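Listing of structure_33.txt, compact mmCIF, C-alpha atoms and all ligand atoms
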```
# COMPACT_ATOMS: atom_id res chain seq x y z
CA MET A 1 0.00 0.00 0.00
CA ILE A 2 1.62 3.24 -1.21
CA CYS A 3 1.05 6.63 0.48
CA SER A 4 -1.70 8.49 -1.38
CA ASN A 5 -0.02 11.80 -0.62
CA CYS A 6 3.67 11.45 -1.57
CA LYS A 7 3.11 8.37 -3.80
CA GLU A 8 6.50 7.12 -2.66
CA LYS A 9 6.60 5.62 0.78
CA THR A 10 4.65 2.76 2.27
CA ALA A 11 1.38 3.83 3.88
CA VAL A 12 1.05 3.02 7.58
CA TYR A 13 -2.31 4.62 8.31
CA ASN A 14 -5.67 4.29 6.63
CA ARG A 15 -7.70 7.43 7.31
CA LYS A 16 -11.18 6.04 6.85
CA TYR A 17 -13.07 9.34 7.03
CA SER A 18 -11.09 10.84 4.13
CA GLY A 19 -10.04 7.75 2.18
CA GLN A 20 -6.33 8.75 2.44
CA LYS A 21 -3.63 6.17 3.05
CA LEU A 22 -0.61 7.88 4.57
CA CYS A 23 3.03 7.14 5.26
CA LYS A 24 4.49 8.03 8.65
CA LYS A 25 5.93 11.35 7.48
CA CYS A 26 2.84 12.52 5.57
CA PHE A 27 0.63 11.44 8.48
CA CYS A 28 2.57 13.55 11.01
CA LYS A 29 2.67 16.51 8.62
CA SER A 30 -1.10 16.22 8.11
CA ILE A 31 -1.71 16.48 11.86
CA GLU A 32 0.48 19.57 12.20
CA ARG A 33 -1.20 21.16 9.20
CA LYS A 34 -4.66 20.38 10.57
CA VAL A 35 -3.82 22.03 13.90
CA ALA A 36 -2.53 25.15 12.12
CA LYS A 37 -5.67 25.22 9.96
CA THR A 38 -7.96 24.83 12.98
CA ILE A 39 -6.23 27.72 14.73
CA THR A 40 -6.71 29.95 11.66
CA LYS A 41 -10.24 28.78 10.88
CA TYR A 42 -11.56 29.52 14.36
CA LYS A 43 -9.40 32.62 14.87
CA MET A 44 -7.89 31.04 17.98
CA VAL A 45 -4.68 33.06 18.06
CA SER A 46 -4.11 36.75 17.29
CA LYS A 47 -0.74 38.28 16.58
CA ASN A 48 1.57 38.39 19.63
CA ASP A 49 -0.95 36.66 21.90
CA LYS A 50 0.33 35.21 25.13
CA ILE A 51 -1.22 31.73 25.29
CA ALA A 52 -1.59 29.99 28.63
CA TYR A 53 -1.31 26.24 28.18
CA GLY A 54 -2.76 23.64 30.56
CA LEU A 55 -0.21 20.82 30.66
CA SER A 56 -1.31 17.67 32.51
CA GLY A 57 1.33 15.26 31.24
CA GLY A 58 -1.29 13.08 29.50
CA LYS A 59 -1.05 12.06 25.85
CA ASP A 60 -3.21 14.83 24.36
CA SER A 61 -1.74 17.67 26.37
CA VAL A 62 1.88 16.64 25.74
CA THR A 63 1.25 16.21 22.01
CA LEU A 64 -0.50 19.52 21.49
CA LEU A 65 2.22 21.33 23.42
CA TYR A 66 4.85 19.71 21.20
CA ILE A 67 3.04 20.92 18.06
CA MET A 68 2.26 24.42 19.35
CA ASP A 69 5.81 24.93 20.59
CA LYS A 70 7.09 23.96 17.15
CA MET A 71 4.70 26.50 15.57
CA GLN A 72 5.69 29.18 18.01
CA ARG A 73 9.40 28.68 17.27
CA GLU A 74 8.82 28.70 13.50
CA HIS A 75 6.48 31.68 13.28
CA LYS A 76 7.31 33.64 16.43
CA ASN A 77 3.86 35.26 16.39
CA PHE A 78 2.66 34.07 19.80
CA SER A 79 4.16 32.92 23.10
CA ILE A 80 3.28 30.04 25.43
CA ASP A 81 3.13 29.98 29.25
CA ILE A 82 2.67 26.50 30.69
CA ILE A 83 0.36 25.94 33.67
CA THR A 84 0.30 22.57 35.44
CA VAL A 85 -2.28 21.92 38.13
CA ASP A 86 -1.36 19.46 40.87
CA GLU A 87 -4.70 18.25 42.23
CA GLY A 88 -3.08 16.25 45.01
CA ILE A 89 -3.85 12.70 43.91
CA GLU A 90 -1.25 10.49 45.52
CA LYS A 91 0.99 8.51 43.19
CA TYR A 92 -1.00 9.40 40.03
CA ARG A 93 -0.08 13.06 39.97
CA GLU A 94 3.43 12.55 41.32
CA ASP A 95 4.18 10.33 38.33
CA SER A 96 2.77 12.82 35.85
CA ILE A 97 4.65 15.74 37.43
CA LYS A 98 7.86 13.83 36.73
CA ILE A 99 6.93 13.72 33.04
CA VAL A 100 5.92 17.37 33.06
CA ASP A 101 9.33 18.27 34.59
CA GLN A 102 11.09 16.30 31.89
CA ILE A 103 9.11 18.07 29.14
CA VAL A 104 9.53 21.52 30.61
CA GLU A 105 13.27 21.03 30.98
CA ASN A 106 13.58 20.56 27.24
CA LEU A 107 11.48 23.58 26.30
CA ASN A 108 12.34 27.20 26.62
CA LEU A 109 8.94 28.22 28.00
CA ASN A 110 7.66 29.94 31.11
CA TYR A 111 6.37 27.26 33.53
CA ASN A 112 3.92 27.60 36.43
CA LEU A 113 2.95 24.86 38.86
CA VAL A 114 -0.10 25.47 41.02
CA THR A 115 -1.60 23.09 43.58
CA PHE A 116 -5.11 22.58 44.95
CA LYS A 117 -3.58 22.51 48.42
CA GLU A 118 -2.06 25.98 48.10
CA LEU A 119 -5.02 27.50 46.27
CA TYR A 120 -7.91 25.94 48.18
CA GLY A 121 -6.43 24.42 51.34
CA PHE A 122 -7.18 20.78 50.39
CA THR A 123 -5.75 18.18 48.08
CA LEU A 124 -8.27 16.18 46.03
CA ASP A 125 -7.48 13.11 48.15
CA GLU A 126 -8.35 15.11 51.29
CA ILE A 127 -11.60 16.32 49.72
CA VAL A 128 -12.60 12.73 48.93
CA LYS A 129 -11.83 11.67 52.51
CA ILE A 130 -14.02 14.49 53.89
CA LEU A 131 -16.89 13.51 51.57
CA ILE A 132 -16.68 9.88 52.71
CA LYS A 133 -16.56 10.95 56.35
CA LYS A 134 -19.67 13.08 55.83
CA GLY A 135 -21.42 10.12 54.24
CA ASP A 136 -21.73 11.92 50.90
CA LEU A 137 -21.45 9.14 48.34
CA GLU A 138 -23.26 11.13 45.64
CA THR A 139 -20.69 13.81 44.92
CA LYS A 140 -17.88 12.49 42.76
CA ALA A 141 -14.20 13.44 42.94
CA CYS A 142 -14.46 14.36 39.24
CA SER A 143 -17.00 17.12 40.00
CA TYR A 144 -14.52 18.76 42.38
CA CYS A 145 -11.58 18.15 40.10
CA GLY A 146 -13.31 19.68 37.06
CA VAL A 147 -14.53 22.82 38.83
CA LEU A 148 -11.35 23.40 40.87
CA ARG A 149 -9.05 22.78 37.90
CA ARG A 150 -11.04 25.15 35.70
CA ARG A 151 -10.78 27.89 38.30
CA ALA A 152 -7.06 27.24 38.89
CA LEU A 153 -6.28 27.37 35.17
CA ASN A 154 -8.40 30.44 34.48
CA ASN A 155 -7.16 32.46 37.44
CA THR A 156 -3.51 31.61 36.82
CA ALA A 157 -3.88 32.45 33.11
CA LYS A 158 -5.49 35.75 34.11
CA GLU A 159 -2.65 36.56 36.51
CA LEU A 160 -0.12 35.81 33.79
CA GLY A 161 -1.88 38.26 31.49
CA ALA A 162 -2.67 35.53 28.94
CA LYS A 163 -5.05 36.34 26.09
CA LYS A 164 -6.17 32.75 25.56
CA LEU A 165 -6.12 29.49 27.49
CA ALA A 166 -5.35 26.43 25.37
CA THR A 167 -6.44 22.92 26.31
CA ALA A 168 -5.95 19.68 24.40
CA HIS A 169 -9.57 18.50 24.09
CA ASN A 170 -9.79 16.36 20.96
CA LEU A 171 -12.54 15.51 18.47
CA ASP A 172 -13.71 12.53 20.55
CA ASP A 173 -14.02 14.67 23.70
CA GLU A 174 -15.94 17.35 21.83
CA ALA A 175 -18.31 14.98 20.01
CA GLU A 176 -18.98 13.06 23.25
CA THR A 177 -19.70 16.28 25.16
CA ILE A 178 -22.12 17.46 22.47
CA LEU A 179 -23.99 14.14 22.42
CA MET A 180 -23.96 13.89 26.21
CA ASN A 181 -25.50 17.33 26.66
CA ILE A 182 -28.13 16.57 24.02
CA THR A 183 -29.11 13.35 25.81
CA ARG A 184 -29.32 15.28 29.08
CA SER A 185 -31.26 18.06 27.37
CA ASP A 186 -28.81 20.50 28.91
CA ILE A 187 -28.85 23.40 26.46
CA THR A 188 -27.03 25.87 28.72
CA ARG A 189 -24.09 23.55 29.08
CA LEU A 190 -24.25 22.51 25.44
CA LEU A 191 -23.92 26.08 24.23
CA ARG A 192 -21.04 26.87 26.53
CA TYR A 193 -18.49 25.57 24.04
CA ASP A 194 -17.84 28.40 21.64
CA PRO A 195 -15.78 27.33 18.62
CA ILE A 196 -14.49 30.87 18.12
CA PRO A 197 -13.04 32.30 21.34
CA TYR A 198 -14.68 35.42 22.67
CA GLU A 199 -14.57 37.15 26.00
CA LYS A 200 -17.69 36.06 27.85
CA HIS A 201 -16.72 38.14 30.84
CA PRO A 202 -13.55 40.15 31.57
CA HIS A 203 -12.72 37.70 34.37
CA PHE A 204 -12.67 34.66 32.06
CA VAL A 205 -9.74 34.02 29.74
CA PRO A 206 -11.19 32.74 26.41
CA ARG A 207 -10.46 29.05 25.85
CA ILE A 208 -9.09 27.53 22.68
CA LYS A 209 -8.99 23.88 21.61
CA PRO A 210 -6.65 23.44 18.64
CA PHE A 211 -7.20 19.65 18.71
CA ARG A 212 -10.99 19.85 18.36
CA GLU A 213 -10.86 18.38 14.84
CA ILE A 214 -8.26 15.67 15.51
CA PRO A 215 -9.52 12.18 16.46
CA GLU A 216 -8.00 10.75 19.63
CA LYS A 217 -6.66 7.73 17.77
CA GLU A 218 -4.57 9.99 15.51
CA ILE A 219 -3.10 11.88 18.47
CA THR A 220 -2.02 8.57 19.99
CA LEU A 221 -0.38 7.56 16.72
CA TYR A 222 1.36 10.93 16.32
CA ALA A 223 2.71 10.77 19.89
CA TYR A 224 3.95 7.25 19.22
CA TYR A 225 5.75 8.20 15.98
CA LYS A 226 7.34 11.24 17.62
CA ASN A 227 8.28 9.18 20.65
CA LEU A 228 6.85 11.75 23.07
CA PRO A 229 7.12 11.16 26.85
CA ILE A 230 3.62 10.50 28.11
CA HIS A 231 1.87 9.78 31.37
CA SER A 232 -0.59 7.02 30.55
CA ILE A 233 -1.91 5.83 33.91
CA GLU A 234 -5.64 6.37 34.28
CA CYS A 235 -6.72 8.65 37.10
CA PRO A 236 -7.83 6.52 40.11
CA TYR A 237 -11.00 8.63 40.39
CA ALA A 238 -12.03 8.31 36.72
CA SER A 239 -15.68 7.34 36.98
CA GLU A 240 -17.72 9.17 34.41
CA SER A 241 -19.90 6.24 33.51
CA MET A 242 -22.18 8.39 31.34
CA ARG A 243 -19.25 9.39 29.15
CA ARG A 244 -18.20 5.76 28.91
CA ASN A 245 -21.67 4.86 27.61
CA ILE A 246 -21.54 7.67 25.07
CA LYS A 247 -18.10 6.44 23.95
CA THR A 248 -19.54 2.97 23.33
CA VAL A 249 -22.45 4.38 21.33
CA MET A 250 -20.08 6.56 19.34
CA SER A 251 -17.80 3.69 18.38
CA ILE A 252 -20.78 1.64 17.18
CA LEU A 253 -21.94 4.57 15.03
CA GLU A 254 -18.40 5.11 13.76
CA GLN A 255 -18.13 1.58 12.38
CA LYS A 256 -20.87 2.39 9.86
CA ASN A 257 -20.05 6.06 9.44
CA PRO A 258 -16.37 7.02 9.94
CA SER A 259 -17.29 10.74 9.83
CA VAL A 260 -19.86 10.66 12.62
CA LYS A 261 -17.74 12.63 15.13
CA PHE A 262 -16.93 15.28 12.54
CA ASN A 263 -20.61 15.49 11.64
CA LEU A 264 -21.61 16.09 15.25
CA LEU A 265 -19.03 18.85 15.57
CA LYS A 266 -20.09 20.43 12.28
CA PHE A 267 -23.73 20.26 13.33
CA TYR A 268 -22.89 21.97 16.60
CA ASP A 269 -20.79 24.69 14.93
CA GLN A 270 -23.63 25.48 12.54
CA ILE A 271 -26.10 25.91 15.39
CA PHE A 272 -23.59 28.06 17.22
CA MET A 273 -22.70 30.30 14.26
CA LYS A 274 -26.29 30.83 13.15
CA ASN A 275 -27.49 31.80 16.59
CA GLN A 276 -24.43 33.39 18.10
CA ALA A 277 -26.12 36.65 19.08
CA ASP A 278 -28.99 34.85 20.80
CA LEU A 279 -26.71 32.32 22.41
CA GLN A 280 -24.67 34.95 24.16
CA LYS A 281 -27.73 35.69 26.25
CA PHE A 282 -26.91 32.48 28.09
CA ASP A 283 -23.83 34.20 29.36
CA SER A 284 -25.48 36.78 31.57
CA PHE A 285 -23.41 36.88 34.72
CA LYS A 286 -23.93 37.98 38.31
CA ALA A 287 -21.27 38.16 40.99
CA CYS A 288 -21.25 35.13 43.31
CA ILE A 289 -22.46 36.23 46.77
CA LYS A 290 -19.58 34.32 48.38
CA CYS A 291 -16.48 34.78 46.26
CA ASN A 292 -17.53 37.57 43.90
CA GLU A 293 -16.49 35.63 40.81
CA PRO A 294 -18.91 35.77 37.85
CA THR A 295 -21.60 33.08 37.87
CA SER A 296 -25.01 32.50 36.32
CA SER A 297 -26.67 31.69 39.66
CA GLU A 298 -26.63 33.26 43.15
CA ILE A 299 -23.73 31.19 44.31
CA CYS A 300 -21.11 29.71 42.01
CA LYS A 301 -20.45 26.00 41.57
CA PHE A 302 -17.05 26.35 43.24
CA CYS A 303 -18.50 27.86 46.43
CA GLU A 304 -21.35 25.35 46.39
CA LEU A 305 -18.81 22.49 46.38
CA MET A 306 -16.54 24.08 48.97
CA GLU A 307 -19.53 24.55 51.28
CA LYS A 308 -20.21 20.79 51.18
CA ILE A 309 -16.82 20.01 52.68
CA SER A 310 -16.61 22.85 55.19
ZN ZN A 401 3.75 9.98 2.15
ZN ZN A 402 -18.31 31.70 44.47
```
Starting from the coordinates I provided, produce the structure as structure tokens.
Amino acid sequence: MICSNCKEKTAVYNRKYSGQKLCKKCFCKSIERKVAKTITKYKMVSKNDKIAYGLSGGKDSVTLLYIMDKMQREHKNFSIDIITVDEGIEKYREDSIKIVDQIVENLNLNYNLVTFKELYGFTLDEIVKILIKKGDLETKACSYCGVLRRRALNNTAKELGAKKLATAHNLDDEAETILMNITRSDITRLLRYDPIPYEKHPHFVPRIKPFREIPEKEITLYAYYKNLPIHSIECPYASESMRRNIKTVMSILEQKNPSVKFNLLKFYDQIFMKNQADLQKFDSFKACIKCNEPTSSEICKFCELMEKIS
């Protein structure tokens, strides 16, 4: 099987959704080109932007950083500040911090490590212990982790003066989130994911997802070909059973229709673009009565969660 791009080398990857058969080199180039195209298409980066980058040490986040750092060195039209959040999950996070250190050492980028313990007074492990002690078996560690991480990343990015906050969510994550919010009939949450970054509120640094059109499988393959150091242990608290169900459904659909994830994303973008003015009404903010940060209800999710463990 010969590469359908260079017509020279042996193809190693069959891209079912496009019909291309690619050699190793053309495959890697195609990923880098797709990321650059996504950034341009969704106006993710403006000239001389400082981009805050959430680096976890996992496959997606390491790979996107590798590609964006390469871009930044070639074009010199934006800069990257790395932010790593240590949630305080024994063993799991210690291992990933080692990988993060190794990556950071080899890059000439500004690096910031923040911890839940310093920011909020508790590690995630401690929060889980308190919940168990209080007999709260409903609230999951992932709810805390998601909300606390988001706040840590946003506030650190804000302090650094970053114009955007980049995360490595991929096509699978995005398509799953869209489908999940549809099945839950949660329109507010569904419409929270703006493809084109805009400032919802001066306190929030606009988020960008340059991997939103890259399937997870292709990121794994790219990382493997580039021999990137990766932390691949699953988080001990990973328990989003709903997402797991959606993943199963998605892979069944994908067997018959290799473009199904792209179609979901395209469908979402069309809804978003056509109704952008109306949709922004969803973003009417008040100040949280406890912490003063912008929220859509009386008290923000962060304060609601912190109250449960106080
Ligand atoms: Zn080729
Ligand atoms: Zn609050």
Contacts to ligand ZN 402 (chain A) at 12 Å cut-off (all atoms listed in the file) as a PyMOL selection string: chain A and resi 147-148+151+286-307
Distance cut-off 8 Å, centre (4.4, 19.3, 23.5) in file coordinates, counting all atoms listed in the file: which residues qualify? Return them as a PDB file with C-alpha atoms, in the frame of the given file.
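Output file selection-v3.pdb is given in full below:
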```pdb
ATOM      1  CA  SER A  61      -1.740  17.670  26.370  1.00  0.00           C
ATOM      2  CA  VAL A  62       1.880  16.640  25.740  1.00  0.00           C
ATOM      3  CA  THR A  63       1.250  16.210  22.010  1.00  0.00           C
ATOM      4  CA  LEU A  64      -0.500  19.520  21.490  1.00  0.00           C
ATOM      5  CA  LEU A  65       2.220  21.330  23.420  1.00  0.00           C
ATOM      6  CA  TYR A  66       4.850  19.710  21.200  1.00  0.00           C
ATOM      7  CA  ILE A  67       3.040  20.920  18.060  1.00  0.00           C
ATOM      8  CA  MET A  68       2.260  24.420  19.350  1.00  0.00           C
ATOM      9  CA  ASP A  69       5.810  24.930  20.590  1.00  0.00           C
ATOM     10  CA  ILE A 103       9.110  18.070  29.140  1.00  0.00           C
ATOM     11  CA  LEU A 228       6.850  11.750  23.070  1.00  0.00           C
TER      12      LEU A 228
END
```
Selected residue of minimal separation from Tyr237 in chain A among A:Thr139, A:Thr40, A:Thr156, A:Thr177, counting only C-alpha atoms: A:Thr139
Test item: residues no farther than 12 Å from ligand ZN 401 (chain A), counting all atoms listed in the file, as a list in words: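 Checked against 12 Å with all atoms listed in the file; the hits are Met1, Ile2, Cys3, Ser4, Asn5, Cys6, Lys7, Glu8, Lys9, Thr10, Ala11, Val12, Tyr13, Asn14, Gln20, Lys21, Leu22, Cys23, Lys24, Lys25, Cys26, Phe27, Cys28, Lys29 and Ser30 of chain A.
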CA of Tyr42 in chain A to CA of Glu254 in chain A, straight-line distance in Å: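 Distance reported for this atom pair: 25.4 Å.
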